[in-house]
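*Asks:* Dropping a structure here in structure tokens format, bear with me for questions.
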Amino acid sequence: MLILAAIPLGNPSDASANLREAIVSAKYIAAEDSRKFTRLCSDLGVTYSAKIISFFEGNEIERLDELVKIMESGSDLLVVTDAGMPGISDPGYRLARSCCEKYSN
């Protein structure tokens, strides 16, 4: 399953309980900036054990196959961007589109 995370735009304490749980339980996390993600986790007091995969605009196309294979193996993939939802201008929209095309039938 592909999980697109809503990261707080301002105050980290605005993070939902669902986001906190997704971070804690994820086995794979595709992060736009691993340093900012690690800082967010620290600010939230959340510990993660997931494998962090660098996923930003510069490597997004090259990472698509790897990330789809993770999901095809039965593992969930949490996608986090620097702030807000992965969308049109963030890494993630190509991955979401690829998953929709692959699994829409």
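All residue names refer to the structure tokens as shown: chains lettered A, B, ... in order, residues numbered from 1 in each chain, ligands numbered from 1 in order.
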Could you give me, as a list in words, each residue of chain A that DSSP assigns to strand (DSSP E) when run on this structure's backbone?
*Replies:* Leu2, Ile3, Leu4, Tyr28, Ile29, Ala30, Ala31, Lys51, Ile52, Ile53, Ser54, Leu77, Leu78, Val79 and Val80 of chain A
*Asks:* Excluding Asp65 in chain A and any residue of its chain fewer than 3 positions from it, enumerate the residues within 12 Å of it, using only C-alpha atoms, and give them as a PyMOL selection string.
*Replies:* chain A and resi 59-62+68-72+94-95+98-99+102
*Asks:* Now that the selection is made, can you save its residues with C-alpha atoms as an mmCIF file, in the first residue's frame?
*Replies:*
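Final output, saved to selection.cif:
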```
data_model
loop_
_atom_site.group_PDB
_atom_site.id
_atom_site.type_symbol
_atom_site.label_atom_id
_atom_site.label_comp_id
_atom_site.auth_asym_id
_atom_site.auth_seq_id
_atom_site.Cartn_x
_atom_site.Cartn_y
_atom_site.Cartn_z
ATOM 1 C CA ASN A 59 15.989 11.035 -8.317
ATOM 2 C CA GLU A 60 12.231 10.510 -8.430
ATOM 3 C CA ILE A 61 12.075 8.865 -11.859
ATOM 4 C CA GLU A 62 15.021 6.564 -11.105
ATOM 5 C CA VAL A 68 6.831 -0.038 -6.766
ATOM 6 C CA LYS A 69 8.708 -3.315 -6.150
ATOM 7 C CA ILE A 70 8.598 -2.650 -2.397
ATOM 8 C CA MET A 71 4.820 -2.374 -2.581
ATOM 9 C CA GLU A 72 4.531 -5.392 -4.890
ATOM 10 C CA ARG A 94 4.623 10.200 -10.330
ATOM 11 C CA LEU A 95 4.642 7.306 -7.863
ATOM 12 C CA SER A 98 2.150 4.857 -11.462
ATOM 13 C CA CYS A 99 0.324 2.954 -8.703
ATOM 14 C CA LYS A 102 -0.931 -0.302 -12.367
#
```
*Asks:* Name the residues in contact with range 41-44 of chain A at a cut-off of 9 Å, using only C-alpha atoms, excluding same-chain residues fewer than 3 positions from it; report them as a PyMOL selection string.
*Replies:* chain A and resi 12-13+15+20+23+36-38+47-48
*Asks:* Restrict the selected residues to N, CA and C atoms and save them as a compact mmCIF listing (two decimals), in the first residue's frame.
*Replies:*
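Contents of result29.txt, freshly written:
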```txt
# COMPACT_ATOMS: atom_id res chain seq x y z
N PRO A 12 5.32 21.32 14.30
CA PRO A 12 5.34 19.86 14.26
C PRO A 12 4.26 19.23 15.14
N SER A 13 3.85 19.92 16.19
CA SER A 13 2.82 19.34 17.07
C SER A 13 1.46 19.26 16.38
N ALA A 15 1.02 17.51 13.87
CA ALA A 15 1.02 16.18 13.25
C ALA A 15 -0.12 15.34 13.83
N ARG A 20 1.83 9.93 13.12
CA ARG A 20 2.76 9.37 14.11
C ARG A 20 2.78 7.84 14.03
N ILE A 23 4.52 6.55 10.86
CA ILE A 23 5.99 6.63 10.98
C ILE A 23 6.52 5.48 11.82
N LYS A 36 15.41 16.51 7.28
CA LYS A 36 14.19 17.18 7.76
C LYS A 36 13.22 16.16 8.36
N PHE A 37 13.15 14.98 7.76
CA PHE A 37 12.29 13.94 8.30
C PHE A 37 12.78 13.51 9.68
N THR A 38 14.06 13.30 9.82
CA THR A 38 14.63 12.92 11.12
C THR A 38 14.37 13.99 12.16
N THR A 47 10.03 7.48 17.36
CA THR A 47 11.16 6.66 16.94
C THR A 47 10.71 5.76 15.80
N TYR A 48 11.52 5.71 14.74
CA TYR A 48 11.19 4.86 13.60
C TYR A 48 12.28 3.82 13.41
```
*Asks:* From the list A:Leu78, A:Asp14, A:Ala6, A:Leu64, which residue is nearest Ala30 in chain A when using only C-alpha atoms?
*Replies:* A:Leu78
*Asks:* Just to confirm, what's the straight-line distance from CA of Glu32 in chain A to CA of Ile52 in chain A in Å (one decimal)?
*Replies:*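 Calculated distance between CA of Glu32 in chain A and CA of Ile52 in chain A is 10.0 Å.
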*Asks:* I'd like to know which residues of range 3-101 of chain A are alpha helix (DSSP H) (by DSSP, run on the backbone); could you write them as a PyMOL selection string?
*Replies:* chain A and resi 17-25+34-44+60-72+93-101
*Asks:* In Å, rounded to a single decimal, give me how far CA of Gly10 in chain A is from CA of Thr81 in chain A.
*Replies:*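 Those two atoms sit 13.3 Å apart.
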